[in-house]
Each structure stands twice: as C-alpha cells, then as structure tokens.
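What follows is my_file_35.txt (compact mmCIF, N, CA and C atoms).
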# COMPACT_ATOMS: atom_id res chain seq x y z
N MET A 5 -39.15 -85.09 23.56
CA MET A 5 -39.75 -83.78 23.44
C MET A 5 -39.47 -82.98 24.72
N ALA A 6 -39.13 -81.71 24.57
CA ALA A 6 -38.84 -80.85 25.71
C ALA A 6 -40.09 -80.62 26.54
N PRO A 7 -39.94 -80.60 27.87
CA PRO A 7 -41.11 -80.27 28.70
C PRO A 7 -41.57 -78.84 28.42
N LYS A 8 -42.88 -78.62 28.51
CA LYS A 8 -43.46 -77.31 28.27
C LYS A 8 -43.90 -76.70 29.60
N VAL A 9 -43.56 -75.43 29.77
CA VAL A 9 -43.95 -74.69 30.97
C VAL A 9 -44.61 -73.39 30.54
N ALA A 10 -45.80 -73.14 31.07
CA ALA A 10 -46.49 -71.88 30.82
C ALA A 10 -46.10 -70.88 31.90
N VAL A 11 -45.80 -69.67 31.49
CA VAL A 11 -45.50 -68.58 32.42
C VAL A 11 -46.73 -67.68 32.42
N VAL A 12 -47.36 -67.58 33.58
CA VAL A 12 -48.65 -66.88 33.70
C VAL A 12 -48.46 -65.53 34.36
N TRP A 13 -49.00 -64.50 33.73
CA TRP A 13 -49.07 -63.18 34.33
C TRP A 13 -50.36 -62.52 33.89
N ARG A 14 -50.73 -61.45 34.57
CA ARG A 14 -51.98 -60.78 34.28
C ARG A 14 -51.82 -59.81 33.11
N GLY A 15 -52.84 -59.76 32.27
CA GLY A 15 -52.86 -58.82 31.15
C GLY A 15 -54.23 -58.84 30.49
N ASP A 16 -54.39 -57.98 29.53
CA ASP A 16 -55.67 -57.93 28.83
C ASP A 16 -55.65 -58.81 27.58
N ARG A 17 -56.72 -58.79 26.84
CA ARG A 17 -56.86 -59.63 25.65
C ARG A 17 -55.75 -59.34 24.63
N GLU A 18 -55.43 -58.06 24.44
CA GLU A 18 -54.38 -57.69 23.48
C GLU A 18 -53.02 -58.21 23.94
N ALA A 19 -52.74 -58.12 25.22
CA ALA A 19 -51.47 -58.65 25.74
C ALA A 19 -51.40 -60.16 25.52
N ARG A 20 -52.50 -60.85 25.70
CA ARG A 20 -52.52 -62.29 25.46
C ARG A 20 -52.28 -62.60 23.98
N ARG A 21 -52.93 -61.84 23.11
CA ARG A 21 -52.82 -62.08 21.68
C ARG A 21 -51.40 -61.85 21.16
N THR A 22 -50.72 -60.86 21.72
CA THR A 22 -49.41 -60.47 21.19
C THR A 22 -48.22 -60.99 22.01
N ALA A 23 -48.49 -61.70 23.09
CA ALA A 23 -47.40 -62.14 23.98
C ALA A 23 -46.45 -63.09 23.27
N THR A 24 -45.16 -62.84 23.47
CA THR A 24 -44.11 -63.74 23.01
C THR A 24 -43.14 -63.92 24.18
N PRO A 25 -42.25 -64.89 24.10
CA PRO A 25 -41.26 -65.04 25.18
C PRO A 25 -40.35 -63.83 25.33
N ALA A 26 -40.24 -62.98 24.32
CA ALA A 26 -39.29 -61.87 24.37
C ALA A 26 -39.90 -60.51 24.68
N ASN A 27 -41.22 -60.35 24.61
CA ASN A 27 -41.78 -59.00 24.71
C ASN A 27 -42.52 -58.73 26.02
N ASN A 28 -42.01 -59.26 27.11
CA ASN A 28 -42.67 -59.05 28.39
C ASN A 28 -41.62 -58.94 29.49
N ARG A 29 -42.04 -58.57 30.68
CA ARG A 29 -41.09 -58.37 31.78
C ARG A 29 -40.46 -59.66 32.29
N PHE A 30 -40.96 -60.80 31.86
CA PHE A 30 -40.41 -62.09 32.27
C PHE A 30 -39.48 -62.70 31.22
N HIS A 31 -39.03 -61.89 30.28
CA HIS A 31 -38.22 -62.42 29.18
C HIS A 31 -36.98 -63.18 29.66
N ARG A 32 -36.40 -62.78 30.78
CA ARG A 32 -35.23 -63.51 31.31
C ARG A 32 -35.63 -64.89 31.81
N VAL A 33 -36.82 -65.02 32.38
CA VAL A 33 -37.32 -66.34 32.81
C VAL A 33 -37.45 -67.24 31.59
N PHE A 34 -38.02 -66.71 30.53
CA PHE A 34 -38.14 -67.47 29.28
C PHE A 34 -36.77 -67.89 28.76
N GLU A 35 -35.82 -66.97 28.78
CA GLU A 35 -34.48 -67.27 28.29
C GLU A 35 -33.81 -68.37 29.11
N GLU A 36 -33.92 -68.28 30.41
CA GLU A 36 -33.27 -69.26 31.29
C GLU A 36 -33.92 -70.64 31.17
N LEU A 37 -35.23 -70.69 31.06
CA LEU A 37 -35.90 -71.97 30.87
C LEU A 37 -35.48 -72.60 29.55
N ALA A 38 -35.47 -71.80 28.49
CA ALA A 38 -35.07 -72.32 27.18
C ALA A 38 -33.62 -72.81 27.21
N ALA A 39 -32.78 -72.12 27.97
CA ALA A 39 -31.36 -72.49 28.04
C ALA A 39 -31.14 -73.87 28.67
N ILE A 40 -32.07 -74.31 29.48
CA ILE A 40 -31.92 -75.63 30.10
C ILE A 40 -32.83 -76.68 29.46
N GLY A 41 -33.33 -76.36 28.27
CA GLY A 41 -34.08 -77.35 27.50
C GLY A 41 -35.56 -77.43 27.79
N ILE A 42 -36.11 -76.42 28.43
CA ILE A 42 -37.55 -76.37 28.70
C ILE A 42 -38.18 -75.40 27.71
N HIS A 43 -39.32 -75.79 27.14
CA HIS A 43 -40.03 -74.92 26.19
C HIS A 43 -41.03 -74.07 26.97
N PRO A 44 -40.71 -72.77 27.19
CA PRO A 44 -41.65 -71.91 27.91
C PRO A 44 -42.61 -71.23 26.93
N GLU A 45 -43.84 -71.00 27.40
CA GLU A 45 -44.80 -70.30 26.57
C GLU A 45 -45.57 -69.28 27.41
N PRO A 46 -45.89 -68.13 26.84
CA PRO A 46 -46.65 -67.12 27.56
C PRO A 46 -48.09 -67.58 27.80
N ALA A 47 -48.62 -67.22 28.96
CA ALA A 47 -50.02 -67.54 29.28
C ALA A 47 -50.61 -66.34 30.02
N VAL A 48 -50.94 -65.31 29.28
CA VAL A 48 -51.50 -64.10 29.88
C VAL A 48 -52.89 -64.40 30.40
N PHE A 49 -53.15 -64.00 31.65
CA PHE A 49 -54.41 -64.31 32.33
C PHE A 49 -55.23 -63.05 32.58
N ASP A 50 -56.53 -63.20 32.45
CA ASP A 50 -57.52 -62.25 32.96
C ASP A 50 -58.82 -63.04 33.15
N GLU A 51 -59.62 -62.58 34.09
CA GLU A 51 -60.88 -63.25 34.37
C GLU A 51 -61.76 -63.35 33.13
N GLU A 52 -61.68 -62.38 32.24
CA GLU A 52 -62.50 -62.34 31.03
C GLU A 52 -62.29 -63.57 30.15
N PHE A 53 -61.09 -64.12 30.14
CA PHE A 53 -60.80 -65.28 29.30
C PHE A 53 -60.16 -66.41 30.11
N ALA A 54 -60.61 -66.58 31.34
CA ALA A 54 -60.06 -67.60 32.24
C ALA A 54 -60.19 -69.01 31.67
N ASP A 55 -61.30 -69.32 31.02
CA ASP A 55 -61.48 -70.67 30.47
C ASP A 55 -60.46 -70.96 29.38
N GLU A 56 -60.14 -69.96 28.60
CA GLU A 56 -59.13 -70.10 27.55
C GLU A 56 -57.75 -70.38 28.16
N VAL A 57 -57.45 -69.69 29.24
CA VAL A 57 -56.17 -69.91 29.93
C VAL A 57 -56.14 -71.31 30.53
N ARG A 58 -57.25 -71.74 31.16
CA ARG A 58 -57.32 -73.10 31.72
C ARG A 58 -57.03 -74.13 30.64
N ASP A 59 -57.66 -73.98 29.50
CA ASP A 59 -57.43 -74.93 28.40
C ASP A 59 -55.96 -74.96 28.01
N GLN A 60 -55.33 -73.80 27.95
CA GLN A 60 -53.91 -73.74 27.61
C GLN A 60 -53.07 -74.44 28.68
N LEU A 61 -53.35 -74.18 29.94
CA LEU A 61 -52.53 -74.74 31.03
C LEU A 61 -52.65 -76.25 31.09
N LEU A 62 -53.76 -76.79 30.63
CA LEU A 62 -53.92 -78.24 30.64
C LEU A 62 -53.09 -78.92 29.55
N THR A 63 -52.43 -78.15 28.69
CA THR A 63 -51.61 -78.73 27.63
C THR A 63 -50.11 -78.71 27.96
N VAL A 64 -49.74 -78.17 29.13
CA VAL A 64 -48.33 -78.04 29.47
C VAL A 64 -47.98 -78.98 30.64
N ASP A 65 -46.68 -79.11 30.88
CA ASP A 65 -46.20 -79.94 31.98
C ASP A 65 -46.11 -79.18 33.29
N GLY A 66 -45.89 -77.87 33.20
CA GLY A 66 -45.74 -77.06 34.40
C GLY A 66 -46.25 -75.66 34.17
N VAL A 67 -46.54 -74.97 35.29
CA VAL A 67 -47.11 -73.63 35.25
C VAL A 67 -46.36 -72.77 36.28
N LEU A 68 -45.75 -71.70 35.82
CA LEU A 68 -45.13 -70.72 36.71
C LEU A 68 -46.05 -69.52 36.79
N VAL A 69 -46.51 -69.18 37.99
CA VAL A 69 -47.52 -68.15 38.17
C VAL A 69 -46.89 -66.88 38.75
N TRP A 70 -47.09 -65.77 38.06
CA TRP A 70 -46.57 -64.47 38.48
C TRP A 70 -47.72 -63.47 38.50
N VAL A 71 -48.78 -63.78 39.22
CA VAL A 71 -49.96 -62.91 39.29
C VAL A 71 -50.10 -62.40 40.71
N ASP A 72 -50.04 -61.07 40.86
CA ASP A 72 -50.20 -60.47 42.18
C ASP A 72 -51.55 -60.82 42.77
N PRO A 73 -51.60 -60.99 44.10
CA PRO A 73 -52.89 -61.32 44.72
C PRO A 73 -53.92 -60.21 44.59
N LEU A 74 -53.47 -58.97 44.56
CA LEU A 74 -54.36 -57.82 44.39
C LEU A 74 -53.73 -56.91 43.35
N HIS A 75 -54.47 -56.62 42.29
CA HIS A 75 -53.92 -55.77 41.24
C HIS A 75 -55.03 -54.96 40.61
N GLU A 76 -54.96 -53.65 40.77
CA GLU A 76 -55.93 -52.74 40.18
C GLU A 76 -57.37 -53.19 40.42
N GLY A 77 -57.67 -53.54 41.66
CA GLY A 77 -59.02 -53.94 42.04
C GLY A 77 -59.37 -55.38 41.73
N LYS A 78 -58.46 -56.12 41.13
CA LYS A 78 -58.72 -57.52 40.81
C LYS A 78 -58.02 -58.39 41.84
N THR A 79 -58.60 -59.58 42.08
CA THR A 79 -58.03 -60.53 43.03
C THR A 79 -57.72 -61.83 42.30
N ARG A 80 -57.36 -62.83 43.07
CA ARG A 80 -57.11 -64.15 42.49
C ARG A 80 -58.30 -65.09 42.74
N ALA A 81 -59.48 -64.52 42.96
CA ALA A 81 -60.67 -65.32 43.28
C ALA A 81 -61.03 -66.29 42.16
N ILE A 82 -60.75 -65.97 40.93
CA ILE A 82 -61.03 -66.88 39.82
C ILE A 82 -59.78 -67.69 39.47
N LEU A 83 -58.63 -67.05 39.53
CA LEU A 83 -57.39 -67.72 39.16
C LEU A 83 -57.06 -68.88 40.10
N ASP A 84 -57.20 -68.70 41.39
CA ASP A 84 -56.80 -69.75 42.32
C ASP A 84 -57.58 -71.06 42.13
N PRO A 85 -58.92 -71.03 42.01
CA PRO A 85 -59.62 -72.29 41.72
C PRO A 85 -59.22 -72.89 40.37
N LEU A 86 -58.95 -72.02 39.39
CA LEU A 86 -58.50 -72.49 38.09
C LEU A 86 -57.18 -73.24 38.25
N LEU A 87 -56.24 -72.68 39.01
CA LEU A 87 -54.94 -73.33 39.22
C LEU A 87 -55.07 -74.63 40.00
N ARG A 88 -55.96 -74.66 40.98
CA ARG A 88 -56.19 -75.91 41.72
C ARG A 88 -56.71 -76.99 40.78
N ASP A 89 -57.62 -76.62 39.90
CA ASP A 89 -58.18 -77.56 38.94
C ASP A 89 -57.09 -78.08 38.00
N VAL A 90 -56.28 -77.18 37.48
CA VAL A 90 -55.20 -77.57 36.58
C VAL A 90 -54.24 -78.52 37.29
N ALA A 91 -53.84 -78.17 38.50
CA ALA A 91 -52.90 -79.01 39.25
C ALA A 91 -53.49 -80.40 39.53
N ALA A 92 -54.78 -80.45 39.81
CA ALA A 92 -55.42 -81.74 40.08
C ALA A 92 -55.46 -82.63 38.84
N ARG A 93 -55.34 -82.03 37.67
CA ARG A 93 -55.39 -82.79 36.41
C ARG A 93 -54.00 -83.16 35.88
N GLY A 94 -52.95 -82.78 36.60
CA GLY A 94 -51.63 -83.24 36.19
C GLY A 94 -50.50 -82.25 36.14
N PRO A 95 -50.66 -81.10 35.49
CA PRO A 95 -49.52 -80.18 35.42
C PRO A 95 -49.09 -79.70 36.82
N TRP A 96 -47.78 -79.54 36.95
CA TRP A 96 -47.21 -79.00 38.18
C TRP A 96 -47.47 -77.50 38.19
N VAL A 97 -47.93 -76.96 39.32
CA VAL A 97 -48.26 -75.54 39.42
C VAL A 97 -47.43 -74.89 40.52
N SER A 98 -46.72 -73.84 40.14
CA SER A 98 -45.96 -73.04 41.10
C SER A 98 -46.33 -71.59 40.87
N ALA A 99 -46.76 -70.92 41.79
CA ALA A 99 -46.99 -71.32 43.15
C ALA A 99 -48.44 -71.76 43.32
N HIS A 100 -48.59 -72.97 43.82
CA HIS A 100 -49.93 -73.52 44.02
C HIS A 100 -50.67 -72.66 45.04
N PRO A 101 -51.92 -72.32 44.79
CA PRO A 101 -52.66 -71.45 45.70
C PRO A 101 -52.69 -71.95 47.15
N ASP A 102 -52.76 -73.25 47.35
CA ASP A 102 -52.80 -73.76 48.72
C ASP A 102 -51.47 -73.54 49.44
N VAL A 103 -50.38 -73.60 48.71
CA VAL A 103 -49.07 -73.32 49.29
C VAL A 103 -48.97 -71.85 49.65
N ILE A 104 -49.43 -70.99 48.77
CA ILE A 104 -49.42 -69.55 49.03
C ILE A 104 -50.24 -69.23 50.28
N LEU A 105 -51.41 -69.84 50.41
CA LEU A 105 -52.23 -69.59 51.60
C LEU A 105 -51.52 -70.04 52.87
N LYS A 106 -50.84 -71.17 52.79
CA LYS A 106 -50.15 -71.68 53.96
C LYS A 106 -48.96 -70.80 54.34
N MET A 107 -48.24 -70.32 53.34
CA MET A 107 -47.05 -69.49 53.59
C MET A 107 -47.41 -68.06 53.95
N GLY A 108 -48.48 -67.57 53.44
CA GLY A 108 -48.78 -66.16 53.56
C GLY A 108 -48.18 -65.47 52.36
N VAL A 109 -48.84 -64.43 51.88
CA VAL A 109 -48.42 -63.78 50.64
C VAL A 109 -46.97 -63.31 50.73
N LYS A 110 -46.60 -62.59 51.75
CA LYS A 110 -45.23 -62.09 51.89
C LYS A 110 -44.51 -62.69 53.09
N GLU A 111 -45.20 -63.49 53.87
CA GLU A 111 -44.59 -64.08 55.06
C GLU A 111 -43.36 -64.92 54.70
N VAL A 112 -43.34 -65.48 53.51
CA VAL A 112 -42.20 -66.28 53.09
C VAL A 112 -40.92 -65.45 53.12
N LEU A 113 -41.00 -64.15 52.83
CA LEU A 113 -39.81 -63.30 52.89
C LEU A 113 -39.26 -63.23 54.30
N HIS A 114 -40.15 -63.18 55.27
CA HIS A 114 -39.73 -63.16 56.67
C HIS A 114 -39.16 -64.51 57.09
N ARG A 115 -39.86 -65.58 56.73
CA ARG A 115 -39.43 -66.92 57.14
C ARG A 115 -38.10 -67.34 56.53
N THR A 116 -37.77 -66.82 55.37
CA THR A 116 -36.57 -67.28 54.67
C THR A 116 -35.46 -66.23 54.64
N LYS A 117 -35.59 -65.18 55.41
CA LYS A 117 -34.58 -64.11 55.36
C LYS A 117 -33.19 -64.60 55.75
N HIS A 118 -33.10 -65.65 56.50
CA HIS A 118 -31.80 -66.20 56.93
C HIS A 118 -31.09 -66.97 55.81
N LEU A 119 -31.74 -67.19 54.70
CA LEU A 119 -31.14 -67.98 53.62
C LEU A 119 -30.22 -67.17 52.71
N GLY A 120 -30.10 -65.89 52.95
CA GLY A 120 -29.14 -65.10 52.20
C GLY A 120 -29.72 -64.20 51.13
N TRP A 121 -30.97 -64.37 50.77
CA TRP A 121 -31.52 -63.50 49.74
C TRP A 121 -32.41 -62.41 50.33
N GLY A 122 -32.63 -62.48 51.62
CA GLY A 122 -33.55 -61.54 52.24
C GLY A 122 -32.86 -60.33 52.81
N THR A 123 -33.61 -59.61 53.56
CA THR A 123 -33.11 -58.41 54.21
C THR A 123 -33.70 -58.37 55.61
N ASP A 124 -33.52 -57.30 56.29
CA ASP A 124 -34.01 -57.16 57.66
C ASP A 124 -35.53 -57.02 57.63
N THR A 125 -36.21 -58.14 57.50
CA THR A 125 -37.65 -58.19 57.31
C THR A 125 -38.35 -58.45 58.64
N HIS A 126 -39.44 -57.76 58.86
CA HIS A 126 -40.23 -57.95 60.09
C HIS A 126 -41.63 -58.43 59.72
N LEU A 127 -42.21 -59.20 60.62
CA LEU A 127 -43.55 -59.72 60.41
C LEU A 127 -44.45 -59.22 61.53
N TYR A 128 -45.58 -58.67 61.15
CA TYR A 128 -46.56 -58.20 62.11
C TYR A 128 -47.78 -59.11 61.99
N GLY A 129 -48.13 -59.77 63.06
CA GLY A 129 -49.22 -60.74 63.04
C GLY A 129 -50.61 -60.15 63.02
N SER A 130 -50.70 -58.85 63.27
CA SER A 130 -52.02 -58.20 63.27
C SER A 130 -51.83 -56.71 63.08
N ALA A 131 -52.93 -56.02 62.83
CA ALA A 131 -52.88 -54.57 62.71
C ALA A 131 -52.45 -53.94 64.03
N GLU A 132 -52.89 -54.53 65.12
CA GLU A 132 -52.51 -54.01 66.44
C GLU A 132 -51.01 -54.14 66.66
N ALA A 133 -50.43 -55.26 66.27
CA ALA A 133 -48.99 -55.46 66.41
C ALA A 133 -48.24 -54.45 65.54
N PHE A 134 -48.74 -54.22 64.34
CA PHE A 134 -48.11 -53.24 63.46
C PHE A 134 -48.12 -51.86 64.11
N ARG A 135 -49.27 -51.44 64.61
CA ARG A 135 -49.38 -50.12 65.24
C ARG A 135 -48.46 -50.01 66.46
N ALA A 136 -48.31 -51.08 67.21
CA ALA A 136 -47.48 -51.06 68.41
C ALA A 136 -45.99 -51.09 68.10
N GLU A 137 -45.57 -51.85 67.09
CA GLU A 137 -44.15 -52.08 66.85
C GLU A 137 -43.52 -51.23 65.75
N PHE A 138 -44.27 -50.89 64.74
CA PHE A 138 -43.68 -50.22 63.58
C PHE A 138 -43.09 -48.84 63.89
N PRO A 139 -43.78 -47.98 64.64
CA PRO A 139 -43.18 -46.66 64.92
C PRO A 139 -41.81 -46.76 65.58
N GLU A 140 -41.65 -47.69 66.49
CA GLU A 140 -40.35 -47.86 67.15
C GLU A 140 -39.29 -48.34 66.15
N ARG A 141 -39.66 -49.21 65.26
CA ARG A 141 -38.70 -49.68 64.24
C ARG A 141 -38.23 -48.53 63.36
N LEU A 142 -39.10 -47.58 63.08
CA LEU A 142 -38.70 -46.41 62.28
C LEU A 142 -37.67 -45.56 62.99
N ARG A 143 -37.72 -45.55 64.31
CA ARG A 143 -36.80 -44.73 65.08
C ARG A 143 -35.43 -45.36 65.22
N ARG A 144 -35.32 -46.67 65.00
CA ARG A 144 -34.03 -47.36 65.14
C ARG A 144 -33.16 -47.13 63.93
N PRO A 145 -31.83 -47.07 64.15
CA PRO A 145 -30.94 -46.97 62.98
C PRO A 145 -30.97 -48.25 62.17
N VAL A 146 -30.80 -48.12 60.88
CA VAL A 146 -30.78 -49.27 59.97
C VAL A 146 -29.43 -49.96 60.12
N ARG A 147 -29.46 -51.30 60.22
CA ARG A 147 -28.22 -52.07 60.32
C ARG A 147 -27.37 -51.89 59.09
N GLY A 148 -26.08 -51.77 59.28
CA GLY A 148 -25.16 -51.67 58.17
C GLY A 148 -25.01 -50.25 57.63
N CYS A 149 -25.67 -49.29 58.27
CA CYS A 149 -25.54 -47.90 57.80
C CYS A 149 -24.71 -47.08 58.76
For the file at hand, write its structure as structure tokens.
Amino acid sequence: MAPKVAVVWRGDREARRTATPANNRFHRVFEELAAIGIHPEPAVFDEEFADEVRDQLLTVDGVLVWVDPLHEGKTRAILDPLLRDVAARGPWVSAHPDVILKMGVKEVLHRTKHLGWGTDTHLYGSAEAFRAEFPERLRRPVRGC
C-alpha cells in the first residue's frame, strides 16, 4: 500500500469540505507526491475543527504543513500542540513545531542562503539591530545590478 501524506493548509469549513488534490495552491505538491508513489490527501486546518484535523492526521504516515505562523489575526497556538501530539503518536511531521522554533520562522532563509536557493538575505537579531543596520543597507547598491 502506498504511504499516505496529508498536506495541511489553513482554510474554512467549506474549503475543507471541497478540498481535492487539484483545486488548491498546492496542486503541484500533490502531483509530485503522487508521481513518486505517495498518496497525498488534503487536510485543511482551522481552529474551529482542529479535533477533526487531528483525527485525520493520525491516519496518515506523514504530514506536510503549510500554515503561516500569523494569518489574518490567527496564530499556530492550537496547531502546534496538535502537530506535536500527532508526531508523538507516529506520523512524521514536517515542519515539526519544535524544529521551526529552533530554526526561527524565516531565519532558515538566512542560514541556508549559501546552498544556492537563497538570495542576499540579512538577519537582524533585534529591533535595535534592524533600526541601526537596515537604513544603510537600503543605501547600498544591489549586487548583480
């Protein structure tokens, strides 16, 4: 039997009810997973039906999470404990909330920019560092231009 992977993104009840592998912005992810013999399934998340999503995630082998940390006033305060619980019960979870906390939400872009997929990314460790360094960066010419 092909391994099953749930692809999680945020949406409302109607989006959850009507989600298919082809009718969402992740359709290419679904296509690529299917092409290598993995059965992907939509798992639309919202706090309103978090228990329903948890039950679904406990039936798959893996979970790919594409939920912004902050979206229209919502956070991952309910999703992250749900994902920790699911991962503790067996399914592989990417990106595991503890890994995200360790890496930083966007810090991974800075840390991995040398791997070829990044760009001239800067990291500011505090608001004070941002205020001190960012204006000068704006005044510098962009590399490659």
- Using all atoms listed in the file, which residues sit within 7 Å of range 19-31 of chain A once same-chain residues fewer than 4 positions away are excluded, as a PyMOL selection string? chain A and resi 15+35-36+44-49
Atoms to include: N, CA and C atoms. Write the selected residues as a CSV table (one decimal), keeping the file's coordinate frame.
chain,number,residue,atom,x,y,z
A,15,GLY,N,-52.8,-59.8,32.3
A,15,GLY,CA,-52.9,-58.8,31.2
A,15,GLY,C,-54.2,-58.8,30.5
A,35,GLU,N,-35.8,-67.0,28.8
A,35,GLU,CA,-34.5,-67.3,28.3
A,35,GLU,C,-33.8,-68.4,29.1
A,36,GLU,N,-33.9,-68.3,30.4
A,36,GLU,CA,-33.3,-69.3,31.3
A,36,GLU,C,-33.9,-70.6,31.2
A,44,PRO,N,-40.7,-72.8,27.2
A,44,PRO,CA,-41.6,-71.9,27.9
A,44,PRO,C,-42.6,-71.2,26.9
A,45,GLU,N,-43.8,-71.0,27.4
A,45,GLU,CA,-44.8,-70.3,26.6
A,45,GLU,C,-45.6,-69.3,27.4
A,46,PRO,N,-45.9,-68.1,26.8
A,46,PRO,CA,-46.6,-67.1,27.6
A,46,PRO,C,-48.1,-67.6,27.8
A,47,ALA,N,-48.6,-67.2,29.0
A,47,ALA,CA,-50.0,-67.5,29.3
A,47,ALA,C,-50.6,-66.3,30.0
A,48,VAL,N,-50.9,-65.3,29.3
A,48,VAL,CA,-51.5,-64.1,29.9
A,48,VAL,C,-52.9,-64.4,30.4
A,49,PHE,N,-53.2,-64.0,31.6
A,49,PHE,CA,-54.4,-64.3,32.3
A,49,PHE,C,-55.2,-63.0,32.6
- Task: Quick one: pull the distance between atom N of Thr116 in chain A and atom C of Gly77 in chain A, Å, one decimal.
- Result: 28.0 Å
- Item | From A:Ala39, A:Arg115, A:Gly66, A:Leu61, residue lying nearest Trp96 in chain A [only C-alpha atoms] | A:Gly66
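Among A:Ala38, A:Trp70, A:Glu52, A:Met5, the residue with the shortest atom-to-atom distance to Arg17 in chain A, counting only C-alpha atoms, is A:Glu52.
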- Query: Quick one: DSSP helix (DSSP H, G or I) residues in chain A, as an MDAnalysis selection string?
  - Reply: chainID A and resid 17:22 31:39 51:61 83:92 101:107 111:115 117:119 131:143
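As for CA of Leu127 in chain A and CA of His100 in chain A, they are spaced 22.4 Å apart.
Between CA of Asp59 in chain A and CA of Leu74 in chain A the interatomic distance comes to 23.6 Å.
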- Near-Pro95 in chain A list (10 Å; only C-alpha atoms; drop same-chain fewer than 3 positions) as an NGL selection string: :A and (8-10 or 61-67 or 87 or 89-92 or 98)
- Message: Taking (-50.3, -59.0, 39.7) in the coordinates of the supplied file, I want to know which residues reach to within 10 Å of it, counting only C-alpha atoms; could you give the answer as an MDAnalysis selection string?
- Response: chainID A and resid 13:15 49 69:76 78:80
- Task: Apply DSSP to the backbone of this structure and, from range 55-96 of chain A, keep only the residues in strand (DSSP E or B); write these as a ChimeraX atom specification.
- Result: /A:66-69,75,78,96
